[in-house]
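What's in start14.cif: mmCIF, C-alpha atoms and all ligand atoms
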data_data
#
loop_
_atom_site.group_PDB
_atom_site.id
_atom_site.type_symbol
_atom_site.label_atom_id
_atom_site.label_comp_id
_atom_site.auth_asym_id
_atom_site.auth_seq_id
_atom_site.Cartn_x
_atom_site.Cartn_y
_atom_site.Cartn_z
ATOM 1 C CA MET A 5 24.417 -42.066 -114.313
ATOM 2 C CA LYS A 6 21.595 -44.480 -113.425
ATOM 3 C CA ILE A 7 19.783 -42.142 -111.045
ATOM 4 C CA ILE A 8 16.780 -44.453 -110.533
ATOM 5 C CA GLU A 9 19.101 -47.337 -109.589
ATOM 6 C CA ILE A 10 21.027 -45.080 -107.196
ATOM 7 C CA ILE A 11 17.797 -43.962 -105.531
ATOM 8 C CA SER A 12 16.657 -47.546 -105.121
ATOM 9 C CA GLN A 13 20.059 -48.623 -103.730
ATOM 10 C CA SER A 14 19.815 -45.773 -101.201
ATOM 11 C CA GLU A 15 16.535 -46.970 -99.700
ATOM 12 C CA LYS A 16 16.570 -48.805 -96.385
ATOM 13 C CA PRO A 17 17.027 -52.501 -97.253
ATOM 14 C CA GLU A 18 15.497 -55.527 -95.577
ATOM 15 C CA LEU A 19 17.508 -56.630 -92.562
ATOM 16 C CA TYR A 20 20.585 -58.615 -93.699
ATOM 17 C CA GLU A 21 19.986 -58.090 -97.418
ATOM 18 C CA LYS A 22 23.432 -58.558 -98.924
ATOM 19 C CA GLY A 23 25.406 -55.820 -100.697
ATOM 20 C CA THR A 24 27.140 -56.512 -103.998
ATOM 21 C CA SER A 25 30.759 -56.271 -102.840
ATOM 22 C CA PHE A 26 33.105 -57.417 -100.050
ATOM 23 C CA MET A 27 35.636 -54.870 -98.815
ATOM 24 C CA TRP A 28 38.365 -57.021 -97.245
ATOM 25 C CA THR A 29 39.360 -58.926 -100.395
ATOM 26 C CA ASP A 30 38.994 -56.173 -103.009
ATOM 27 C CA GLU A 31 42.429 -55.833 -104.625
ATOM 28 C CA HIS A 32 42.575 -52.027 -104.501
ATOM 29 C CA ILE A 33 40.842 -51.548 -101.124
ATOM 30 C CA SER A 34 42.874 -54.220 -99.358
ATOM 31 C CA LYS A 35 46.071 -52.333 -100.274
ATOM 32 C CA GLN A 36 44.617 -49.140 -98.741
ATOM 33 C CA LEU A 37 43.516 -51.145 -95.715
ATOM 34 C CA LEU A 38 46.972 -52.566 -95.105
ATOM 35 C CA ASN A 39 48.419 -49.032 -94.930
ATOM 36 C CA ILE A 40 45.597 -48.043 -92.573
ATOM 37 C CA HIS A 41 46.243 -51.083 -90.317
ATOM 38 C CA LEU A 42 49.917 -50.168 -90.162
ATOM 39 C CA ASN A 43 49.322 -46.544 -89.178
ATOM 40 C CA ALA A 44 50.130 -46.721 -85.459
ATOM 41 C CA ASP A 45 48.416 -43.414 -84.666
ATOM 42 C CA ILE A 46 44.859 -44.032 -85.880
ATOM 43 C CA ASP A 47 41.985 -46.245 -84.747
ATOM 44 C CA LEU A 48 41.050 -47.448 -88.234
ATOM 45 C CA GLY A 49 41.484 -50.997 -89.538
ATOM 46 C CA SER A 50 43.348 -51.753 -86.322
ATOM 47 C CA ARG A 51 43.418 -49.757 -83.119
ATOM 48 C CA LYS A 52 46.271 -47.393 -82.261
ATOM 49 C CA LYS A 53 49.562 -49.110 -81.454
ATOM 50 C CA SER A 54 49.413 -48.007 -77.785
ATOM 51 C CA THR A 55 45.920 -49.545 -77.446
ATOM 52 C CA ILE A 56 47.014 -52.760 -79.187
ATOM 53 C CA VAL A 57 49.957 -53.149 -76.801
ATOM 54 C CA LYS A 58 47.750 -52.529 -73.766
ATOM 55 C CA THR A 59 45.057 -54.957 -74.993
ATOM 56 C CA ALA A 60 47.538 -57.689 -75.953
ATOM 57 C CA ASN A 61 49.276 -57.426 -72.566
ATOM 58 C CA TRP A 62 45.938 -57.593 -70.755
ATOM 59 C CA ILE A 63 44.993 -60.688 -72.800
ATOM 60 C CA LEU A 64 48.259 -62.427 -71.909
ATOM 61 C CA ASP A 65 47.916 -61.389 -68.293
ATOM 62 C CA THR A 66 44.577 -63.224 -68.075
ATOM 63 C CA GLN A 67 46.410 -66.399 -69.129
ATOM 64 C CA LYS A 68 49.651 -66.081 -67.177
ATOM 65 C CA GLU A 69 49.074 -69.241 -65.124
ATOM 66 C CA LYS A 70 49.001 -71.370 -68.275
ATOM 67 C CA GLY A 71 52.619 -71.037 -69.534
ATOM 68 C CA LYS A 72 53.287 -71.337 -73.248
ATOM 69 C CA LEU A 73 50.029 -70.976 -75.171
ATOM 70 C CA ASN A 74 48.721 -72.196 -78.484
ATOM 71 C CA ILE A 75 46.903 -69.061 -79.705
ATOM 72 C CA LEU A 76 44.506 -68.703 -82.633
ATOM 73 C CA ASP A 77 44.028 -65.100 -83.841
ATOM 74 C CA LEU A 78 40.953 -64.919 -86.102
ATOM 75 C CA GLY A 79 40.941 -61.946 -88.485
ATOM 76 C CA CYS A 80 44.553 -61.330 -87.491
ATOM 77 C CA GLY A 81 45.107 -58.655 -90.181
ATOM 78 C CA PRO A 82 48.831 -57.907 -90.579
ATOM 79 C CA GLY A 83 49.601 -59.646 -87.266
ATOM 80 C CA LEU A 84 49.808 -56.663 -84.915
ATOM 81 C CA TYR A 85 48.538 -58.639 -81.888
ATOM 82 C CA ALA A 86 50.016 -61.955 -83.076
ATOM 83 C CA GLU A 87 53.528 -60.482 -83.050
ATOM 84 C CA ILE A 88 53.167 -59.294 -79.459
ATOM 85 C CA PHE A 89 52.031 -62.808 -78.493
ATOM 86 C CA ALA A 90 54.868 -64.407 -80.507
ATOM 87 C CA GLU A 91 57.436 -62.080 -78.937
ATOM 88 C CA LYS A 92 56.456 -63.485 -75.536
ATOM 89 C CA GLY A 93 57.166 -67.014 -76.806
ATOM 90 C CA HIS A 94 53.636 -68.216 -77.587
ATOM 91 C CA CYS A 95 52.751 -70.352 -80.582
ATOM 92 C CA ILE A 96 50.490 -68.418 -82.993
ATOM 93 C CA THR A 97 48.139 -69.325 -85.797
ATOM 94 C CA GLY A 98 46.693 -66.262 -87.530
ATOM 95 C CA VAL A 99 43.826 -66.505 -90.019
ATOM 96 C CA ASP A 100 42.753 -63.687 -92.308
ATOM 97 C CA ILE A 101 40.806 -63.437 -95.552
ATOM 98 C CA SER A 102 43.018 -60.603 -96.826
ATOM 99 C CA LYS A 103 45.906 -61.928 -98.937
ATOM 100 C CA ASN A 104 47.741 -58.608 -98.605
ATOM 101 C CA SER A 105 47.577 -58.619 -94.823
ATOM 102 C CA ILE A 106 48.659 -62.256 -94.543
ATOM 103 C CA GLU A 107 51.565 -61.739 -96.951
ATOM 104 C CA TYR A 108 52.691 -58.753 -94.884
ATOM 105 C CA ALA A 109 52.312 -60.737 -91.636
ATOM 106 C CA LYS A 110 54.301 -63.689 -93.029
ATOM 107 C CA LYS A 111 57.155 -61.480 -94.213
ATOM 108 C CA SER A 112 57.279 -59.529 -90.964
ATOM 109 C CA ALA A 113 57.348 -62.770 -88.907
ATOM 110 C CA LYS A 114 60.128 -64.162 -91.084
ATOM 111 C CA ASP A 115 62.206 -60.972 -90.705
ATOM 112 C CA LYS A 116 61.747 -61.086 -86.931
ATOM 113 C CA LYS A 117 62.289 -64.871 -86.804
ATOM 114 C CA PHE A 118 58.921 -65.517 -85.121
ATOM 115 C CA ASP A 119 57.524 -69.018 -85.279
ATOM 116 C CA THR A 120 54.032 -68.110 -86.541
ATOM 117 C CA ASN A 121 51.627 -69.898 -88.833
ATOM 118 C CA TYR A 122 49.600 -67.457 -90.925
ATOM 119 C CA VAL A 123 46.768 -68.765 -93.100
ATOM 120 C CA ASN A 124 44.996 -66.800 -95.828
ATOM 121 C CA SER A 125 41.473 -68.112 -95.454
ATOM 122 C CA ASN A 126 37.873 -67.294 -94.603
ATOM 123 C CA TYR A 127 37.390 -68.165 -90.934
ATOM 124 C CA LEU A 128 33.810 -69.162 -91.684
ATOM 125 C CA GLU A 129 35.059 -71.906 -94.018
ATOM 126 C CA ILE A 130 38.443 -72.977 -92.621
ATOM 127 C CA ASN A 131 38.900 -76.489 -91.297
ATOM 128 C CA LEU A 132 41.022 -76.287 -88.127
ATOM 129 C CA GLU A 133 41.992 -79.098 -85.776
ATOM 130 C CA SER A 134 39.632 -79.717 -82.817
ATOM 131 C CA ASP A 135 40.704 -79.239 -79.154
ATOM 132 C CA LYS A 136 43.979 -77.575 -80.131
ATOM 133 C CA TYR A 137 44.033 -73.976 -78.834
ATOM 134 C CA ASP A 138 44.489 -72.602 -75.312
ATOM 135 C CA LEU A 139 43.311 -69.186 -76.440
ATOM 136 C CA VAL A 140 41.269 -67.879 -79.373
ATOM 137 C CA VAL A 141 41.050 -64.116 -79.982
ATOM 138 C CA LEU A 142 38.810 -62.143 -82.327
ATOM 139 C CA ILE A 143 39.609 -58.447 -81.946
ATOM 140 C CA TYR A 144 38.121 -55.186 -83.172
ATOM 141 C CA THR A 145 34.401 -55.938 -82.823
ATOM 142 C CA ASP A 146 34.528 -58.375 -85.753
ATOM 143 C CA LEU A 147 32.001 -60.832 -84.289
ATOM 144 C CA GLY A 148 29.398 -58.043 -84.441
ATOM 145 C CA VAL A 149 29.605 -57.551 -88.208
ATOM 146 C CA LEU A 150 28.626 -61.139 -88.928
ATOM 147 C CA ILE A 151 24.970 -61.878 -89.595
ATOM 148 C CA PRO A 152 23.506 -64.251 -86.951
ATOM 149 C CA SER A 153 23.885 -67.455 -89.017
ATOM 150 C CA GLU A 154 27.583 -66.672 -89.657
ATOM 151 C CA ARG A 155 28.102 -65.713 -86.014
ATOM 152 C CA ASP A 156 26.655 -69.055 -84.899
ATOM 153 C CA LYS A 157 28.869 -70.911 -87.350
ATOM 154 C CA LEU A 158 31.965 -69.102 -86.084
ATOM 155 C CA LEU A 159 31.137 -69.581 -82.390
ATOM 156 C CA LYS A 160 30.556 -73.286 -83.022
ATOM 157 C CA MET A 161 33.939 -73.549 -84.721
ATOM 158 C CA ILE A 162 35.704 -71.604 -81.940
ATOM 159 C CA TYR A 163 34.195 -73.867 -79.285
ATOM 160 C CA ARG A 164 35.301 -76.949 -81.216
ATOM 161 C CA VAL A 165 38.926 -75.849 -81.719
ATOM 162 C CA LEU A 166 39.454 -74.724 -78.099
ATOM 163 C CA LYS A 167 40.993 -77.170 -75.650
ATOM 164 C CA LYS A 168 38.807 -77.958 -72.650
ATOM 165 C CA GLY A 169 39.480 -75.098 -70.228
ATOM 166 C CA GLY A 170 40.661 -72.913 -73.123
ATOM 167 C CA THR A 171 39.686 -69.232 -73.348
ATOM 168 C CA PHE A 172 37.964 -67.146 -76.005
ATOM 169 C CA ILE A 173 38.479 -63.358 -75.832
ATOM 170 C CA PHE A 174 36.650 -60.934 -78.125
ATOM 171 C CA ASP A 175 35.115 -57.472 -78.147
ATOM 172 C CA VAL A 176 31.700 -56.193 -79.225
ATOM 173 C CA LEU A 177 30.034 -52.789 -79.453
ATOM 174 C CA LYS A 178 27.777 -51.848 -76.552
ATOM 175 C CA ASP A 179 24.087 -51.101 -77.134
ATOM 176 C CA LYS A 180 24.132 -47.930 -74.972
ATOM 177 C CA ASP A 181 22.517 -44.966 -76.855
ATOM 178 C CA ILE A 182 22.361 -46.918 -80.112
ATOM 179 C CA GLU A 183 20.079 -44.246 -81.666
ATOM 180 C CA ASN A 184 22.985 -41.808 -81.523
ATOM 181 C CA LYS A 185 25.442 -44.148 -83.215
ATOM 182 C CA THR A 186 24.224 -43.819 -86.797
ATOM 183 C CA SER A 187 26.294 -41.689 -89.206
ATOM 184 C CA PRO A 188 24.871 -38.831 -91.287
ATOM 185 C CA LYS A 189 24.656 -39.141 -95.071
ATOM 186 C CA THR A 190 27.938 -38.077 -96.677
ATOM 187 C CA TRP A 191 29.344 -38.128 -100.173
ATOM 188 C CA GLU A 192 32.824 -38.078 -101.662
ATOM 189 C CA ALA A 193 33.856 -37.496 -105.283
ATOM 190 C CA ASN A 194 37.416 -38.525 -105.944
ATOM 191 C CA ASN A 195 39.732 -39.156 -108.896
ATOM 192 C CA SER A 196 41.350 -41.959 -106.902
ATOM 193 C CA GLY A 197 40.940 -42.875 -103.269
ATOM 194 C CA PHE A 198 40.032 -45.476 -100.668
ATOM 195 C CA TRP A 199 37.231 -47.133 -102.644
ATOM 196 C CA LYS A 200 38.716 -47.122 -106.158
ATOM 197 C CA GLU A 201 41.881 -46.340 -108.057
ATOM 198 C CA SER A 202 39.766 -44.756 -110.833
ATOM 199 C CA PRO A 203 37.296 -41.850 -110.404
ATOM 200 C CA TYR A 204 34.263 -42.561 -108.240
ATOM 201 C CA LEU A 205 31.412 -41.050 -106.314
ATOM 202 C CA ALA A 206 30.819 -42.566 -102.856
ATOM 203 C CA LEU A 207 27.431 -42.150 -101.182
ATOM 204 C CA SER A 208 27.571 -43.236 -97.539
ATOM 205 C CA GLU A 209 24.694 -43.531 -95.098
ATOM 206 C CA SER A 210 23.447 -45.646 -92.234
ATOM 207 C CA PHE A 211 20.145 -47.202 -91.188
ATOM 208 C CA LEU A 212 19.023 -48.151 -87.698
ATOM 209 C CA TYR A 213 17.142 -51.429 -87.013
ATOM 210 C CA LYS A 214 16.379 -50.566 -83.437
ATOM 211 C CA GLU A 215 14.575 -53.699 -82.335
ATOM 212 C CA GLU A 216 17.378 -55.949 -83.584
ATOM 213 C CA LYS A 217 20.070 -53.547 -82.245
ATOM 214 C CA VAL A 218 21.678 -53.321 -85.665
ATOM 215 C CA ILE A 219 23.006 -50.379 -87.667
ATOM 216 C CA LEU A 220 23.688 -50.888 -91.346
ATOM 217 C CA PHE A 221 26.626 -48.769 -92.531
ATOM 218 C CA GLN A 222 26.262 -48.634 -96.285
ATOM 219 C CA HIS A 223 28.496 -47.226 -99.017
ATOM 220 C CA ASN A 224 27.305 -47.033 -102.641
ATOM 221 C CA ILE A 225 30.308 -46.556 -104.886
ATOM 222 C CA ILE A 226 29.562 -45.328 -108.399
ATOM 223 C CA GLY A 227 32.255 -45.765 -111.030
ATOM 224 C CA THR A 228 32.800 -43.923 -114.312
ATOM 225 C CA ALA A 229 30.639 -46.403 -116.255
ATOM 226 C CA GLY A 230 27.740 -45.695 -113.880
ATOM 227 C CA ASN A 231 28.091 -49.101 -112.223
ATOM 228 C CA ILE A 232 27.167 -49.207 -108.506
ATOM 229 C CA GLU A 233 28.991 -51.334 -105.962
ATOM 230 C CA THR A 234 27.222 -51.612 -102.611
ATOM 231 C CA TYR A 235 29.248 -52.320 -99.471
ATOM 232 C CA ARG A 236 27.128 -53.201 -96.439
ATOM 233 C CA PHE A 237 28.304 -53.588 -92.847
ATOM 234 C CA TRP A 238 25.563 -55.065 -90.676
ATOM 235 C CA THR A 239 26.857 -53.879 -87.325
ATOM 236 C CA HIS A 240 25.398 -55.420 -84.140
ATOM 237 C CA PHE A 241 25.305 -53.825 -80.705
ATOM 238 C CA PHE A 242 25.096 -55.857 -77.498
ATOM 239 C CA SER A 243 24.365 -55.671 -73.797
ATOM 240 C CA GLN A 244 26.328 -57.920 -71.431
ATOM 241 C CA ASN A 245 23.142 -59.961 -71.131
ATOM 242 C CA ASP A 246 22.940 -60.400 -74.939
ATOM 243 C CA VAL A 247 26.539 -61.634 -74.951
ATOM 244 C CA CYS A 248 25.814 -64.117 -72.133
ATOM 245 C CA LYS A 249 22.800 -65.530 -73.975
ATOM 246 C CA MET A 250 24.741 -65.850 -77.221
ATOM 247 C CA LEU A 251 27.673 -67.634 -75.552
ATOM 248 C CA GLU A 252 25.542 -69.923 -73.413
ATOM 249 C CA THR A 253 23.721 -71.141 -76.544
ATOM 250 C CA HIS A 254 27.118 -72.380 -77.678
ATOM 251 C CA ASN A 255 27.978 -73.978 -74.314
ATOM 252 C CA PHE A 256 30.642 -71.461 -73.310
ATOM 253 C CA ILE A 257 31.033 -71.053 -69.543
ATOM 254 C CA ASP A 258 32.678 -68.699 -67.068
ATOM 255 C CA ILE A 259 31.807 -65.406 -68.796
ATOM 256 C CA HIS A 260 33.597 -62.212 -67.654
ATOM 257 C CA PHE A 261 33.392 -58.677 -68.971
ATOM 258 C CA ARG A 262 35.737 -55.695 -69.064
ATOM 259 C CA GLU A 263 34.709 -52.249 -70.301
ATOM 260 C CA ASP A 264 37.837 -50.418 -69.198
ATOM 261 C CA ILE A 265 40.492 -51.835 -71.502
ATOM 262 C CA LEU A 266 40.277 -49.168 -74.205
ATOM 263 C CA PRO A 267 40.972 -45.442 -73.893
ATOM 264 C CA LYS A 268 38.031 -43.042 -74.207
ATOM 265 C CA GLY A 269 37.243 -42.013 -77.782
ATOM 266 C CA ASP A 270 34.585 -42.513 -80.432
ATOM 267 C CA MET A 271 31.883 -45.205 -80.545
ATOM 268 C CA TRP A 272 34.487 -47.922 -81.231
ATOM 269 C CA ASN A 273 36.409 -47.097 -78.057
ATOM 270 C CA GLY A 274 36.309 -46.676 -74.287
ATOM 271 C CA ASP A 275 33.260 -48.095 -72.558
ATOM 272 C CA ASN A 276 31.385 -48.266 -75.892
ATOM 273 C CA VAL A 277 33.155 -51.592 -76.271
ATOM 274 C CA ILE A 278 32.659 -54.720 -74.160
ATOM 275 C CA PHE A 279 35.573 -57.135 -73.942
ATOM 276 C CA THR A 280 34.451 -60.648 -73.080
ATOM 277 C CA MET A 281 36.477 -63.542 -71.747
ATOM 278 C CA THR A 282 34.839 -66.962 -71.697
ATOM 279 C CA SER A 283 35.884 -70.613 -71.520
ATOM 280 C CA LYS A 284 35.148 -74.032 -72.945
HETATM 281 C C1 LIG A 301 38.742 -54.683 -88.264
HETATM 282 S S1 LIG A 301 40.010 -55.671 -88.926
HETATM 283 C C2 LIG A 301 40.819 -56.211 -87.441
HETATM 284 C C3 LIG A 301 42.183 -56.816 -87.668
HETATM 285 C C4 LIG A 301 42.898 -57.250 -86.380
HETATM 286 N N1 LIG A 301 42.088 -58.134 -85.583
HETATM 287 C C5 LIG A 301 43.309 -56.033 -85.589
HETATM 288 O O1 LIG A 301 42.566 -55.633 -84.692
HETATM 289 O O2 LIG A 301 44.392 -55.513 -85.879
HETATM 290 C C6 LIG A 301 39.123 -57.133 -89.453
HETATM 291 C C7 LIG A 301 40.008 -58.203 -90.060
HETATM 292 O O3 LIG A 301 39.226 -59.386 -90.271
HETATM 293 C C8 LIG A 301 39.484 -59.889 -91.554
HETATM 294 N N2 LIG A 301 38.285 -60.632 -91.981
HETATM 295 C C9 LIG A 301 37.052 -60.129 -92.252
HETATM 296 N N3 LIG A 301 36.205 -61.141 -92.555
HETATM 297 C C10 LIG A 301 36.927 -62.292 -92.474
HETATM 298 C C11 LIG A 301 36.621 -63.662 -92.685
HETATM 299 N N4 LIG A 301 35.384 -64.059 -93.029
HETATM 300 N N5 LIG A 301 37.598 -64.582 -92.515
HETATM 301 C C12 LIG A 301 38.863 -64.199 -92.169
HETATM 302 N N6 LIG A 301 39.208 -62.914 -91.960
HETATM 303 C C13 LIG A 301 38.257 -61.969 -92.105
HETATM 304 C C14 LIG A 301 39.806 -58.668 -92.404
HETATM 305 O O4 LIG A 301 40.551 -58.993 -93.548
HETATM 306 C C15 LIG A 301 40.568 -57.809 -91.414
HETATM 307 O O5 LIG A 301 41.941 -58.080 -91.433
#

Any chance you could give the structure as structure tokens?
Amino acid sequence: MKIIEIISQSEKPELYEKGTSFMWTDEHISKQLLNIHLNADIDLGSRKKSTIVKTANWILDTQKEKGKLNILDLGCGPGLYAEIFAEKGHCITGVDISKNSIEYAKKSAKDKKFDTNYVNSNYLEINLESDKYDLVVLIYTDLGVLIPSERDKLLKMIYRVLKKGGTFIFDVLKDKDIENKTSPKTWEANNSGFWKESPYLALSESFLYKEEKVILFQHNIIGTAGNIETYRFWTHFFSQNDVCKMLETHNFIDIHFREDILPKGDMWNGDNVIFTMTSK
């Protein structure tokens, strides 16, 4: 085992220094993730089914004056929200970088005879039609794991593809007590598990960048050949004021917040999460 390399990979990196690996498209991990998304009773990958239903109904309720909607679901995963929207007769485009999730979503929509358009693509690169959507959603605090340049690129794209008067709804993690939101160092040795099909040692830790309101959740995965794969999640925390400033830079208007959509729970739930509704 390359101990010196492991020690160096475990030191606090410069803000936004990239890891070596991307979780969502890894062939083995994305299969594990799909099963996790589809587990209706846990808040991992996707929220619990009961929370998804409540959130999706609230989202549609905010739009009930508008009739049939053209909805874009960014990072749609296996289509858990998209199907609730489709069931109510709305027209859905779902975009996700995970081939497994999109294949599942396509098959499920076909079986249920939903008229949905699922696209397996990176939402930071996709070329979508301008002024097309009544509603864009980005759910499960996904905006907050983008580094600022990616976040700006995505917000610019969302603004462009919304119709005038269209709505963007998303959630972010709240900056309240950020010091207490880091995770302790943990390790896992496994013959086969979430990170790899073959034996691995996983060293997980987190680092706080207090001034920037960022926590890096980092996982160093060491395989049998001693190779290290580093997964980094640069996770941003926001106040309502931070969200306003970010949206106003991109010309969004009419910004509203809700902190009571999710049930109480861990740091990804309850009033640790700010839902935002804004318009073009
Ligand atoms: C936390 S999951 C949330 C999935 C879904 N929104 C939900 O709540 O059920 C994040 C999703 O975003 C997708 N994703 C991550 N980065 C992406 C990117 N750059 N482009 C498209 N999809 C991405 C992942 O594959 C994953 O399905």

Residues matched by the PyMOL selection byres (((chain A and resi 165) around 6) and not hetatm), written as a PDB file with C-alpha atoms, in the frame of the given file:
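The resulting file, out25.pdb, is shown below:
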ATOM      1  CA  SER A 134      39.632 -79.717 -82.817  1.00  0.00           C
ATOM      2  CA  ASP A 135      40.704 -79.239 -79.154  1.00  0.00           C
ATOM      3  CA  LYS A 136      43.979 -77.575 -80.131  1.00  0.00           C
ATOM      4  CA  ILE A 162      35.704 -71.604 -81.940  1.00  0.00           C
ATOM      5  CA  TYR A 163      34.195 -73.867 -79.285  1.00  0.00           C
ATOM      6  CA  ARG A 164      35.301 -76.949 -81.216  1.00  0.00           C
ATOM      7  CA  LEU A 166      39.454 -74.724 -78.099  1.00  0.00           C
TER       8      LEU A 166
END

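Across the structure, atom CA of A:Asp138 and atom CA of A:Leu64 are spaced 11.4 Å apart.
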
Where does the PyMOL selection byres (((not hetatm)) within 8 of (chain A and resi 301)) land in this file, that is, which residues does it pick, as a JSON list (two decimals) with C-alpha atoms, keeping the file's coordinate frame?
[["chain", "number", "residue", "atom", "x", "y", "z"],
["A", 28, "TRP", "CA", 38.36, -57.02, -97.24],
["A", 29, "THR", "CA", 39.36, -58.93, -100.40],
["A", 34, "SER", "CA", 42.87, -54.22, -99.36],
["A", 41, "HIS", "CA", 46.24, -51.08, -90.32],
["A", 48, "LEU", "CA", 41.05, -47.45, -88.23],
["A", 49, "GLY", "CA", 41.48, -51.00, -89.54],
["A", 50, "SER", "CA", 43.35, -51.75, -86.32],
["A", 51, "ARG", "CA", 43.42, -49.76, -83.12],
["A", 56, "ILE", "CA", 47.01, -52.76, -79.19],
["A", 77, "ASP", "CA", 44.03, -65.10, -83.84],
["A", 78, "LEU", "CA", 40.95, -64.92, -86.10],
["A", 79, "GLY", "CA", 40.94, -61.95, -88.48],
["A", 80, "CYS", "CA", 44.55, -61.33, -87.49],
["A", 81, "GLY", "CA", 45.11, -58.66, -90.18],
["A", 82, "PRO", "CA", 48.83, -57.91, -90.58],
["A", 83, "GLY", "CA", 49.60, -59.65, -87.27],
["A", 84, "LEU", "CA", 49.81, -56.66, -84.92],
["A", 85, "TYR", "CA", 48.54, -58.64, -81.89],
["A", 99, "VAL", "CA", 43.83, -66.50, -90.02],
["A", 100, "ASP", "CA", 42.75, -63.69, -92.31],
["A", 101, "ILE", "CA", 40.81, -63.44, -95.55],
["A", 102, "SER", "CA", 43.02, -60.60, -96.83],
["A", 105, "SER", "CA", 47.58, -58.62, -94.82],
["A", 124, "ASN", "CA", 45.00, -66.80, -95.83],
["A", 125, "SER", "CA", 41.47, -68.11, -95.45],
["A", 126, "ASN", "CA", 37.87, -67.29, -94.60],
["A", 127, "TYR", "CA", 37.39, -68.17, -90.93],
["A", 128, "LEU", "CA", 33.81, -69.16, -91.68],
["A", 129, "GLU", "CA", 35.06, -71.91, -94.02],
["A", 142, "LEU", "CA", 38.81, -62.14, -82.33],
["A", 143, "ILE", "CA", 39.61, -58.45, -81.95],
["A", 144, "TYR", "CA", 38.12, -55.19, -83.17],
["A", 145, "THR", "CA", 34.40, -55.94, -82.82],
["A", 146, "ASP", "CA", 34.53, -58.38, -85.75]]

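Listed by chain and then by number, the residues chosen by the PyMOL selection byres (((chain A and resi 66) around 12) and not hetatm) in this file are Thr59, Ala60, Asn61, Trp62, Ile63, Leu64, Asp65, Gln67, Lys68, Glu69, Lys70, Gly71, Leu73, Asp138, Leu139, Gly170, Thr171, Phe172, Ile173, His260, Arg262, Thr280, Met281, Thr282 and Ser283 of chain A.
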
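Distances to A:Glu263 were evaluated for A:Phe279, A:Trp199, A:Tyr137, A:Trp191 using all atoms listed in the file, and the minimum falls at A:Phe279.
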
Judged by only C-alpha atoms, the minimum distance to A:Ile130 among A:Ala44, A:Leu158, A:Phe261, A:Phe211 is found for A:Leu158

Within 12 Å of stretch 176-180 of chain A using all atoms listed in the file, minus same-chain residues under 6 positions, as a short mmCIF file (atom, residue, chain, number, x, y, z; two decimals) with C-alpha atoms, in the frame of the given file:
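Result file follows (part17.cif):
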data_model
loop_
_atom_site.label_atom_id
_atom_site.label_comp_id
_atom_site.auth_asym_id
_atom_site.auth_seq_id
_atom_site.Cartn_x
_atom_site.Cartn_y
_atom_site.Cartn_z
CA LEU A 142 38.81 -62.14 -82.33
CA ILE A 143 39.61 -58.45 -81.95
CA TYR A 144 38.12 -55.19 -83.17
CA THR A 145 34.40 -55.94 -82.82
CA ASP A 146 34.53 -58.38 -85.75
CA LEU A 147 32.00 -60.83 -84.29
CA GLY A 148 29.40 -58.04 -84.44
CA VAL A 149 29.60 -57.55 -88.21
CA LEU A 150 28.63 -61.14 -88.93
CA LYS A 214 16.38 -50.57 -83.44
CA GLU A 215 14.58 -53.70 -82.34
CA GLU A 216 17.38 -55.95 -83.58
CA LYS A 217 20.07 -53.55 -82.24
CA VAL A 218 21.68 -53.32 -85.66
CA ILE A 219 23.01 -50.38 -87.67
CA THR A 239 26.86 -53.88 -87.32
CA HIS A 240 25.40 -55.42 -84.14
CA PHE A 241 25.30 -53.82 -80.70
CA PHE A 242 25.10 -55.86 -77.50
CA SER A 243 24.36 -55.67 -73.80
CA GLN A 244 26.33 -57.92 -71.43
CA ASN A 245 23.14 -59.96 -71.13
CA ASP A 246 22.94 -60.40 -74.94
CA VAL A 247 26.54 -61.63 -74.95
CA PHE A 261 33.39 -58.68 -68.97
CA ARG A 262 35.74 -55.70 -69.06
CA GLU A 263 34.71 -52.25 -70.30
CA ASP A 270 34.58 -42.51 -80.43
CA MET A 271 31.88 -45.20 -80.54
CA TRP A 272 34.49 -47.92 -81.23
CA ASN A 273 36.41 -47.10 -78.06
CA GLY A 274 36.31 -46.68 -74.29
CA ASP A 275 33.26 -48.10 -72.56
CA ASN A 276 31.38 -48.27 -75.89
CA VAL A 277 33.16 -51.59 -76.27
CA ILE A 278 32.66 -54.72 -74.16
CA PHE A 279 35.57 -57.14 -73.94
CA THR A 280 34.45 -60.65 -73.08
CA MET A 281 36.48 -63.54 -71.75
#

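The nearest approach to A:Asn184 among the residues A:Ile226, A:Leu205, A:Leu212, A:Leu42, with only C-alpha atoms taken into account, belongs to A:Leu212.
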
(Q) Using all atoms listed in the file, which protein or nucleic acid residues come within 7 Å of A:Thr97? Drop anything in the same chain fewer than 6 positions from it, and give the result as an NGL selection string. (A) :A and (75-77 or 120-122)

ask   = Which residue gives the smallest distance to A:His32 among A:Glu133, A:Gly197, A:Gly98, A:Glu91, with only C-alpha atoms counted?
value =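 Closest to A:His32, using only C-alpha atoms: A:Gly197.
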
Could you work out an axis-aligned box for stretch 39-58 of chain A, taking every atom the file lists and adding 8 Å on each side, and report centre and edge lengths in Å to one decimal, as JSON?
{"center_x": 45.6, "center_y": -48.3, "center_z": -84.3, "size_x": 25.1, "size_y": 25.7, "size_z": 37.2}

Nearby residues (all atoms listed in the file) at most 9 Å from A:His254, same-chain spacing under 3 positions excluded, as a PyMOL selection string:
chain A and resi 156+159-160+163+249-251
